[in-house]
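Asker: What follows is input_15.cif, made up of mmCIF, C-alpha atoms:
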```cif
data_upload
loop_
_atom_site.label_atom_id
_atom_site.label_comp_id
_atom_site.auth_asym_id
_atom_site.auth_seq_id
_atom_site.Cartn_x
_atom_site.Cartn_y
_atom_site.Cartn_z
CA MET A 1 -3.13 22.72 35.95
CA MET A 2 -1.89 19.76 33.94
CA LYS A 3 -0.86 20.61 30.41
CA ALA A 4 0.44 18.77 27.35
CA ARG A 5 1.79 19.68 23.97
CA LEU A 6 1.43 18.24 20.48
CA PHE A 7 4.13 18.93 17.92
CA CYS A 8 5.35 17.62 14.57
CA LYS A 9 9.00 17.58 13.42
CA THR A 10 8.82 15.80 10.07
CA GLY A 11 6.69 15.65 6.94
CA GLN A 12 4.24 18.17 5.51
CA LEU A 13 3.28 19.63 8.92
CA ALA A 14 6.84 19.91 10.28
CA GLY A 15 7.11 22.77 12.79
CA ALA A 16 3.47 22.64 13.95
CA LEU A 17 3.28 23.04 17.76
CA PHE A 18 0.13 23.16 19.89
CA GLU A 19 -0.42 23.40 23.67
CA ILE A 20 -3.28 21.43 25.21
CA GLY A 21 -5.04 22.34 28.48
CA ARG A 22 -8.17 20.58 29.73
CA GLU A 23 -9.50 19.73 26.27
CA ALA A 24 -8.61 20.15 22.59
CA THR A 25 -10.39 19.12 19.40
CA ILE A 26 -8.42 18.34 16.23
CA GLY A 27 -9.78 18.68 12.70
CA LYS A 28 -9.94 20.61 9.45
CA ALA A 29 -12.99 22.71 10.33
CA PRO A 30 -12.38 26.29 11.61
CA GLY A 31 -14.08 25.66 14.98
CA ASN A 32 -11.45 23.18 16.23
CA SER A 33 -8.89 24.01 18.91
CA ILE A 34 -6.18 22.54 16.67
CA GLN A 35 -6.87 23.10 12.97
CA LEU A 36 -4.95 20.93 10.48
CA TYR A 37 -5.38 21.96 6.84
CA PRO A 38 -4.57 18.78 4.73
CA GLN A 39 -7.53 17.38 2.79
CA SER A 40 -7.17 13.89 4.32
CA ILE A 41 -7.97 15.30 7.79
CA SER A 42 -11.69 15.14 8.66
CA GLY A 43 -13.65 18.22 9.72
CA LYS A 44 -13.91 16.88 13.29
CA HIS A 45 -11.15 14.31 13.49
CA ALA A 46 -10.25 13.60 17.14
CA ARG A 47 -10.44 14.96 20.70
CA ILE A 48 -7.90 15.01 23.57
CA VAL A 49 -9.25 15.65 27.09
CA PHE A 50 -7.80 15.47 30.64
CA ASP A 51 -9.62 12.94 32.85
CA GLU A 52 -9.80 14.27 36.44
CA LYS A 53 -10.52 10.83 37.93
CA GLU A 54 -7.63 9.03 36.30
CA LYS A 55 -5.36 12.11 36.32
CA ARG A 56 -4.28 11.50 32.75
CA PHE A 57 -5.12 12.54 29.21
CA ILE A 58 -7.57 10.57 27.03
CA ILE A 59 -7.80 10.57 23.22
CA GLU A 60 -10.97 9.81 21.26
CA ASP A 61 -11.49 9.47 17.49
CA LEU A 62 -14.59 11.40 16.37
CA GLY A 63 -15.51 9.09 13.50
CA SER A 64 -12.83 10.38 11.15
CA ARG A 65 -12.63 9.01 7.62
CA ASN A 66 -8.93 8.01 7.74
CA GLY A 67 -8.62 7.21 11.44
CA THR A 68 -6.35 8.07 14.37
CA ARG A 69 -3.50 5.92 15.72
CA VAL A 70 -1.55 5.95 19.00
CA ASP A 71 1.89 4.32 18.76
CA GLY A 72 0.76 2.59 15.57
CA VAL A 73 -2.50 1.13 17.00
CA ARG A 74 -5.80 2.48 15.69
CA VAL A 75 -7.95 4.29 18.25
CA ARG A 76 -11.36 2.71 18.76
CA GLY A 77 -13.44 4.53 21.35
CA LYS A 78 -11.41 6.21 24.09
CA GLU A 79 -7.74 5.41 24.68
CA ARG A 80 -5.47 6.43 27.57
CA LEU A 81 -2.35 8.45 26.76
CA SER A 82 0.92 8.14 28.64
CA GLU A 83 3.47 10.89 29.25
CA LEU A 84 4.93 10.38 25.77
CA ASN A 85 3.15 8.99 22.70
CA ILE A 86 3.18 9.24 18.92
CA ILE A 87 -0.26 10.15 17.55
CA THR A 88 -0.85 9.66 13.82
CA PHE A 89 -3.73 11.36 12.02
CA SER A 90 -5.05 10.02 8.69
CA ASN A 91 -2.16 7.50 8.42
CA ALA A 92 0.06 10.36 7.21
CA PHE A 93 0.87 12.94 9.90
CA ASP A 94 2.89 11.90 13.00
CA PHE A 95 2.69 14.17 16.06
CA LEU A 96 4.65 13.75 19.30
CA PHE A 97 2.38 14.03 22.36
CA GLN A 98 4.16 15.02 25.60
CA VAL A 99 2.70 15.69 29.04
CA MET A 100 4.21 18.78 30.67
CA GLU A 101 4.72 19.21 34.44
CA ASP A 102 2.00 20.88 36.47
CA VAL A 103 2.78 24.61 36.44
CA SER A 104 1.25 25.24 39.91
CA GLU A 105 3.23 22.40 41.50
CA GLU A 106 6.43 23.64 39.93
CA ARG A 107 5.77 27.17 41.25
CA ASP A 108 5.08 25.97 44.85
CA ARG A 109 8.12 23.75 44.90
CA LYS A 110 10.86 25.32 47.12
CA PRO A 111 14.52 24.85 46.35
CA VAL A 112 16.31 22.58 48.80
CA LYS A 113 19.56 23.96 50.14
CA GLN A 114 22.31 21.40 50.16
CA LEU A 115 24.34 21.34 53.35
CA PRO A 116 28.08 21.52 52.93
CA GLN A 117 30.07 18.43 53.67
CA ASN A 118 33.58 18.55 54.99
CA PRO A 119 35.79 16.93 52.46
CA ALA A 120 38.00 14.14 53.61
CA PRO A 121 41.64 15.07 54.00
CA LEU A 122 43.56 14.62 50.83
CA LYS A 123 46.11 11.86 50.82
CA PRO A 124 49.30 12.06 48.86
CA SER A 125 49.29 10.01 45.71
CA VAL A 126 52.81 8.70 46.41
CA PRO A 127 53.67 6.52 49.37
CA ASP A 128 55.24 8.20 52.39
CA ARG A 129 58.95 7.89 52.55
CA LYS A 130 60.88 8.55 55.71
CA THR A 131 63.86 10.82 55.31
CA LYS A 132 66.92 10.13 57.42
CA VAL A 133 68.68 13.25 58.62
CA SER A 134 72.37 13.16 59.39
CA GLU A 135 73.68 14.48 62.62
CA ASP A 136 75.32 17.53 61.02
CA PHE A 137 72.12 18.62 59.19
CA VAL A 138 71.17 22.25 59.76
CA PRO A 139 67.51 23.02 58.97
CA LEU A 140 66.76 26.11 56.86
CA PRO A 141 64.55 28.82 58.24
CA SER A 142 60.89 28.38 57.34
CA LEU A 143 59.52 30.60 54.56
CA SER A 144 56.44 32.73 54.83
CA LYS A 145 53.42 31.83 52.72
CA GLU A 146 54.20 34.60 50.29
CA ASP A 147 57.69 33.24 49.66
CA GLU A 148 56.68 29.61 49.32
CA PRO A 149 57.36 28.32 45.79
CA VAL A 150 54.47 26.76 43.90
CA SER A 151 55.34 23.58 42.06
CA PRO A 152 53.38 23.22 38.80
CA LYS A 153 53.91 19.48 38.73
CA THR A 154 52.39 18.60 42.09
CA ASP A 155 48.99 16.92 42.12
CA GLU A 156 47.80 19.27 44.87
CA ARG A 157 47.21 22.07 42.27
CA GLN A 158 44.33 20.18 40.72
CA LYS A 159 42.51 19.51 43.98
CA THR A 160 40.17 21.96 45.67
CA VAL A 161 39.90 22.05 49.46
CA PHE A 162 36.68 23.52 50.87
CA ASP A 163 36.70 25.70 53.95
CA ASP A 164 34.52 24.65 56.85
CA GLY A 165 31.98 27.37 56.11
CA ALA A 166 31.71 26.71 52.39
CA PHE A 167 28.57 25.24 50.87
CA SER A 168 27.86 23.83 47.46
CA LEU A 169 25.22 25.47 45.27
CA PRO A 170 22.55 23.26 43.73
CA ALA A 171 23.46 22.28 40.20
CA PHE A 172 21.59 24.18 37.52
CA GLN A 173 19.50 21.76 35.50
CA GLU A 174 18.43 22.73 32.06
CA LYS A 175 15.00 21.56 31.00
CA PRO A 176 15.69 18.43 28.96
CA GLU A 177 14.78 18.37 25.33
CA PRO A 178 11.77 16.15 24.65
CA PRO A 179 12.93 12.67 23.72
CA VAL A 180 12.33 11.81 20.10
CA SER A 181 11.13 8.29 19.58
CA ASP A 182 12.42 6.24 16.70
CA ASP A 183 8.79 5.79 15.69
CA ILE A 184 8.69 9.37 14.46
CA GLN A 185 10.44 8.10 11.34
CA ARG A 186 7.21 6.37 10.39
CA THR A 187 5.89 9.50 8.68
CA LYS A 188 3.86 8.51 5.65
CA VAL A 189 3.81 10.45 2.44
CA GLY A 190 0.66 11.88 1.19
CA VAL A 191 -0.95 10.58 -1.96
CA ASP A 192 -0.20 13.77 -3.86
CA PHE A 193 3.40 13.56 -2.99
CA THR A 194 5.95 13.02 -5.85
CA PRO A 195 9.59 12.22 -5.04
CA VAL A 196 12.30 14.05 -7.03
CA PRO A 197 14.35 11.57 -9.11
CA SER A 198 18.08 11.62 -8.57
CA PHE A 199 20.01 13.12 -11.45
CA VAL A 200 22.35 10.77 -13.22
CA GLU A 201 24.59 12.27 -15.81
CA PRO A 202 24.38 10.18 -18.99
CA SER A 203 27.67 8.76 -20.13
CA LYS A 204 26.56 8.89 -23.76
CA PRO A 205 24.07 11.17 -25.48
CA PRO A 206 20.69 9.47 -25.89
CA LYS A 207 19.82 8.16 -29.30
CA PRO A 208 17.14 10.16 -31.10
CA ALA A 209 13.77 8.46 -31.18
CA ALA A 210 12.80 6.91 -34.47
CA PRO A 211 10.17 9.01 -36.25
CA GLU A 212 6.72 7.53 -36.25
CA SER A 213 5.61 6.23 -39.61
CA LEU A 214 2.67 8.11 -41.07
CA PRO A 215 -0.53 6.22 -41.93
CA HIS A 216 -1.01 5.03 -45.52
CA TYR A 217 -4.57 5.33 -46.85
CA VAL A 218 -6.21 3.72 -49.89
CA LEU A 219 -9.51 4.84 -51.45
CA ILE A 220 -11.49 1.94 -52.96
CA PHE A 221 -14.35 2.53 -55.44
CA GLU A 222 -17.00 -0.13 -56.00
CA GLY A 223 -19.84 -0.48 -58.50
CA LEU A 224 -17.97 1.07 -61.43
CA LYS A 225 -18.53 -0.14 -64.99
CA GLY A 226 -14.97 -1.32 -65.34
CA GLY A 227 -14.94 -2.97 -61.90
CA PRO A 228 -13.47 -1.84 -58.55
CA ALA A 229 -10.68 0.72 -58.55
CA ALA A 230 -8.19 1.62 -55.81
CA PHE A 231 -6.14 4.80 -55.40
CA ASP A 232 -3.27 5.48 -52.97
CA LEU A 233 -3.74 8.76 -51.17
CA LYS A 234 -0.42 10.61 -51.13
CA GLU A 235 0.83 13.53 -49.06
CA GLY A 236 -0.63 16.80 -50.29
CA SER A 237 -3.73 17.68 -52.37
CA MET A 238 -5.63 15.23 -54.65
CA ILE A 239 -8.65 16.17 -56.76
CA VAL A 240 -11.44 13.64 -57.29
CA GLY A 241 -13.47 14.19 -60.48
CA ARG A 242 -14.47 13.33 -64.05
CA GLU A 243 -11.67 15.40 -65.57
CA GLN A 244 -8.83 13.18 -66.85
CA SER A 245 -6.16 15.39 -65.27
CA SER A 246 -7.59 14.67 -61.81
CA ALA A 247 -5.37 12.73 -59.39
CA ILE A 248 -8.34 10.41 -58.80
CA PHE A 249 -10.11 10.11 -62.18
CA ILE A 250 -13.57 8.49 -62.15
CA ASP A 251 -15.51 8.41 -65.44
CA ASP A 252 -19.07 8.58 -64.20
CA GLY A 253 -21.87 10.93 -65.30
CA SER A 254 -23.01 11.65 -61.72
CA MET A 255 -19.66 13.23 -60.85
CA SER A 256 -18.58 16.78 -61.61
CA ARG A 257 -15.36 17.54 -63.48
CA LYS A 258 -13.78 18.72 -60.21
CA HIS A 259 -15.99 17.07 -57.64
CA ALA A 260 -14.04 17.05 -54.32
CA GLU A 261 -10.54 17.42 -52.88
CA PHE A 262 -8.56 15.22 -50.47
CA VAL A 263 -5.71 16.78 -48.42
CA LEU A 264 -3.27 14.50 -46.54
CA LYS A 265 -0.96 16.40 -44.19
CA GLY A 266 1.04 14.97 -41.29
CA GLY A 267 -1.08 11.83 -41.13
CA THR A 268 -4.39 13.75 -41.05
CA LEU A 269 -6.74 13.27 -44.02
CA THR A 270 -9.47 15.78 -44.83
CA LEU A 271 -12.11 16.01 -47.61
CA LYS A 272 -14.11 18.97 -48.93
CA ASP A 273 -16.69 19.32 -51.70
CA LEU A 274 -15.74 21.64 -54.57
CA GLY A 275 -19.28 22.81 -55.34
CA SER A 276 -20.26 19.64 -57.20
CA LYS A 277 -23.71 19.29 -58.79
CA ASN A 278 -24.64 16.02 -57.03
CA HIS A 279 -22.72 16.75 -53.79
CA THR A 280 -20.41 14.67 -51.56
CA TYR A 281 -21.54 12.54 -48.61
CA ILE A 282 -19.70 10.92 -45.64
CA ASP A 283 -21.66 8.15 -43.92
CA ASN A 284 -24.79 9.41 -45.72
CA GLN A 285 -24.28 12.96 -44.35
CA ARG A 286 -23.81 15.73 -46.89
CA ILE A 287 -20.69 17.80 -46.28
CA SER A 288 -20.46 21.51 -47.02
CA LYS A 289 -17.01 22.26 -45.58
CA GLU A 290 -13.69 20.52 -44.98
CA VAL A 291 -14.14 17.40 -42.81
CA GLU A 292 -11.62 14.96 -41.41
CA VAL A 293 -12.09 11.41 -42.67
CA LYS A 294 -10.90 8.22 -41.02
CA GLU A 295 -10.61 4.53 -41.75
CA GLY A 296 -13.91 2.71 -42.32
CA MET A 297 -15.95 5.75 -43.34
CA LYS A 298 -18.23 5.42 -46.37
CA ILE A 299 -17.84 8.23 -48.93
CA THR A 300 -20.22 8.94 -51.83
CA PHE A 301 -19.42 11.21 -54.79
CA GLY A 302 -22.76 11.81 -56.60
CA LEU A 303 -23.87 8.19 -57.14
CA VAL A 304 -20.39 6.63 -56.89
CA LYS A 305 -19.60 4.92 -53.58
CA ALA A 306 -16.16 4.48 -52.06
CA ARG A 307 -14.61 3.45 -48.74
CA LEU A 308 -11.40 4.44 -47.00
CA VAL A 309 -8.91 1.73 -45.91
CA ARG A 310 -5.73 2.16 -43.90
CA LYS A 311 -2.88 -0.07 -45.04
CA PRO A 312 -0.10 -1.27 -42.72
CA SER A 313 2.92 1.03 -42.49
CA ARG A 314 5.79 0.16 -44.77
#
```
Would you mind giving the structure from this file in structure tokens?

Answerer:
Amino acid sequence: MMKARLFCKTGQLAGALFEIGREATIGKAPGNSIQLYPQSISGKHARIVFDEKEKRFIIEDLGSRNGTRVDGVRVRGKERLSELNIITFSNAFDFLFQVMEDVSEERDRKPVKQLPQNPAPLKPSVPDRKTKVSEDFVPLPSLSKEDEPVSPKTDERQKTVFDDGAFSLPAFQEKPEPPVSDDIQRTKVGVDFTPVPSFVEPSKPPKPAAPESLPHYVLIFEGLKGGPAAFDLKEGSMIVGREQSSAIFIDDGSMSRKHAEFVLKGGTLTLKDLGSKNHTYIDNQRISKEVEVKEGMKITFGLVKARLVRKPSR
């Protein structure tokens, strides 16, 4: 039976390995043969099936939201797969598709015994030189094989001579590692991915940031007998009332001696009524507790109207 495998070596799904038989469905839903968990994968994303007529695998996109690509080309309909392809799901996850050999054919295949070949006689590496023997030369008696000296420098030590009955064993072939295409480096990073910035040691300590200037408010009263009056609101507490010792003194019969209190702290300005007889209003709404006030609001103390203005920072 023809089989294939789908595996990923890089990116978020690195290490994922799946074996494909006749058919496999890929998607995020639990019912798929190959379940991929990232959110960008559709519930039913794609399908890989073996075509008996063409004797090859076919891939089909099942209407996924982010698409399926084979070797960088988007799959539209059914596409043929070769023995080695790069399949990309959702433009982010690259898988290597590899067709494996038929297991049944590999089991039925018989090893072929290699017949031995008689090696050609070895020739000396140096040219033959004829030795002239003088008439008074007496040859030495021949040595037995046990007594023959072995010269370490001769070239014959490094050559192997096969006997007539010797045969060579078939070379053991390891199953090759699946070739990795350069295209596997096209792994795309997911949207939620954030690269870690490289650390650069500062040569000088950073300068402290300049403190932000706090807002400067002015309270403007209109309709008074003596004409308009303006008061700068300073940091801390300021009493508004008819008593002359008040920070904001307004001589009007509708105001109480201690009518209301402003508090400016850290740029935030609040106002509360101090139990006045004619009450305090912000934008025509009576206040009964401390309320934050901002630029442009209309404030009324009894019958005296005022407005808050924010001046540019100094």

Asker: If we count all atoms listed in the file, what is near Lys298 (chain A) at a cut-off of 6 Å, once residues fewer than 3 positions away on the same chain are taken out, given as a list of chain:residue names?

Answerer: A:Ile282, A:Asp283, A:Arg307

Asker: Can you list, as a list in words, the residues that the PyMOL selection byres ((chain A and resi 89) around 9) selects here?

Answerer: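 What the PyMOL selection byres ((chain A and resi 89) around 9) grabs from the file is Ser40, Ile41, His45, Ala46, Asn66, Gly67, Thr68, Arg69, Ile87, Thr88, Ser90, Asn91, Ala92, Phe93, Asp94 and Phe95 of chain A.
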
Asker: Skip Met238 (chain A) itself and residues of its chain fewer than 3 positions away, then list as an NGL selection string all residues within 6 Å of it, counting all atoms listed in the file.

Answerer: :A and (247 or 261-262)

Asker: As a list of chain:residue names, please: the residues near region 215-226 of chain A (cut-off 7 Å, all atoms listed in the file, same-chain neighbours under 5 positions excluded).

Answerer: A:Phe231, A:Asp232, A:Leu233, A:Gly267, A:Lys305, A:Ala306, A:Arg307, A:Leu308, A:Val309, A:Arg310, A:Lys311, A:Pro312, A:Ser313

Asker: Rounded to one decimal in Å, what is the spacing between CA of Asp51 (chain A) and CA of Glu23 (chain A)?

Answerer: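 Result for CA of Asp51 (chain A) versus CA of Glu23 (chain A): 9.5 Å, one decimal.
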
Asker: Under the rule that all atoms listed in the file are counted, which of A:Lys28, A:Asn85, A:Leu96, A:Glu290 is the nearest residue to Thr10 (chain A)?

Answerer: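 That would be A:Leu96, the residue with the smallest distance to Thr10 (chain A).
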
Asker: Report the distance between CA of Thr270 (chain A) and CA of Gly227 (chain A) in Å, rounded to one decimal place.

Answerer: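 Separating CA of Thr270 (chain A) from CA of Gly227 (chain A) is a distance of 25.9 Å.
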
Asker: Which residue out of A:Leu62, A:Ile26, A:Ile250, A:Val75 has the minimum interatomic distance to Ala230 (chain A) when all atoms listed in the file are used?

Answerer: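 Nearest to Ala230 (chain A): A:Ile250.
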
Asker: For the atom pair CA of Val291 (chain A) and CA of Gly236 (chain A), what is the interatomic distance in Å to one decimal place?

Answerer: 15.5 Å

Asker: Nearest residue to Leu271 (chain A) out of A:Lys44, A:Ile239, A:Gln285, A:Ile248, using all atoms listed in the file?

Answerer: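 The answer is A:Ile239, which sits nearest to Leu271 (chain A).
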
Asker: Could you list, as a list in words, every residue matched by the PyMOL selection byres ((chain A and resi 277) around 8) in this structure?

Answerer: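 With the PyMOL selection byres ((chain A and resi 277) around 8) on this model, the match is Met255, Ser256, Gly275, Ser276, Asn278, His279 and Gly302 of chain A.
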
Asker: Save out the residues we just selected, C-alpha atoms, as a compact mmCIF listing (two decimals), in the coordinates of the input.

Answerer:
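So part-v4.txt came out as:
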```
# COMPACT_ATOMS: atom_id res chain seq x y z
CA MET A 255 -19.66 13.23 -60.85
CA SER A 256 -18.58 16.78 -61.61
CA GLY A 275 -19.28 22.81 -55.34
CA SER A 276 -20.26 19.64 -57.20
CA ASN A 278 -24.64 16.02 -57.03
CA HIS A 279 -22.72 16.75 -53.79
CA GLY A 302 -22.76 11.81 -56.60
```

Asker: Determine the residue set returned by the PyMOL selection byres ((chain A and resi 280) around 7) for the present structure, and present it as a list of chain:residue names.

Answerer: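 Going through the file, the PyMOL selection byres ((chain A and resi 280) around 7) ends up selecting A:Asp273, A:His279, A:Tyr281, A:Arg286, A:Ile287, A:Thr300, A:Phe301, A:Gly302.
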
Asker: Write the residues of the preceding selection, restricted to C-alpha atoms, as a PDB file, in the frame of the given file.

Answerer:
```pdb
ATOM      1  CA  ASP A 273     -16.690  19.320 -51.700  1.00  0.00           C
ATOM      2  CA  HIS A 279     -22.720  16.750 -53.790  1.00  0.00           C
ATOM      3  CA  TYR A 281     -21.540  12.540 -48.610  1.00  0.00           C
ATOM      4  CA  ARG A 286     -23.810  15.730 -46.890  1.00  0.00           C
ATOM      5  CA  ILE A 287     -20.690  17.800 -46.280  1.00  0.00           C
ATOM      6  CA  THR A 300     -20.220   8.940 -51.830  1.00  0.00           C
ATOM      7  CA  PHE A 301     -19.420  11.210 -54.790  1.00  0.00           C
ATOM      8  CA  GLY A 302     -22.760  11.810 -56.600  1.00  0.00           C
TER       9      GLY A 302
END
```

Asker: Counting only C-alpha atoms, which residue out of A:Pro30, A:Tyr37, A:Arg80, A:Ile86 sits closest to Glu54 (chain A)?

Answerer: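 Of the candidates, the smallest distance to Glu54 (chain A) is held by A:Arg80.
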
Asker: Need the neighbours of (-12.6, 18.1, -58.1): which residues are at most 7 Å away, counting all atoms listed in the file, as a list in words?

Answerer: Ile239, Val240, Gly241, Arg257, Lys258, His259, Ala260, Glu261 and Leu274 of chain A

Asker: Give the answer as one residue: which of A:Ile58, A:Glu243, A:Glu235, A:Ala4 has the shortest atom-to-atom distance to Gly266 (chain A), using all atoms listed in the file?

Answerer: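 Nearest to Gly266 (chain A): A:Glu235.
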
Asker: So which residues touch Ser42 (chain A) within 7 Å, counting all atoms listed in the file, skipping near sequence neighbours fewer than 6 positions away, as a ChimeraX atom specification?

Answerer: /A:27-28,64-65

Asker: Would you write out those residues with C-alpha atoms, as a PDB file, keeping the file's coordinate frame?

Answerer:
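Written output follows (part16.pdb):
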```pdb
ATOM      1  CA  GLY A  27      -9.780  18.680  12.700  1.00  0.00           C
ATOM      2  CA  LYS A  28      -9.940  20.610   9.450  1.00  0.00           C
ATOM      3  CA  SER A  64     -12.830  10.380  11.150  1.00  0.00           C
ATOM      4  CA  ARG A  65     -12.630   9.010   7.620  1.00  0.00           C
TER       5      ARG A  65
END
```
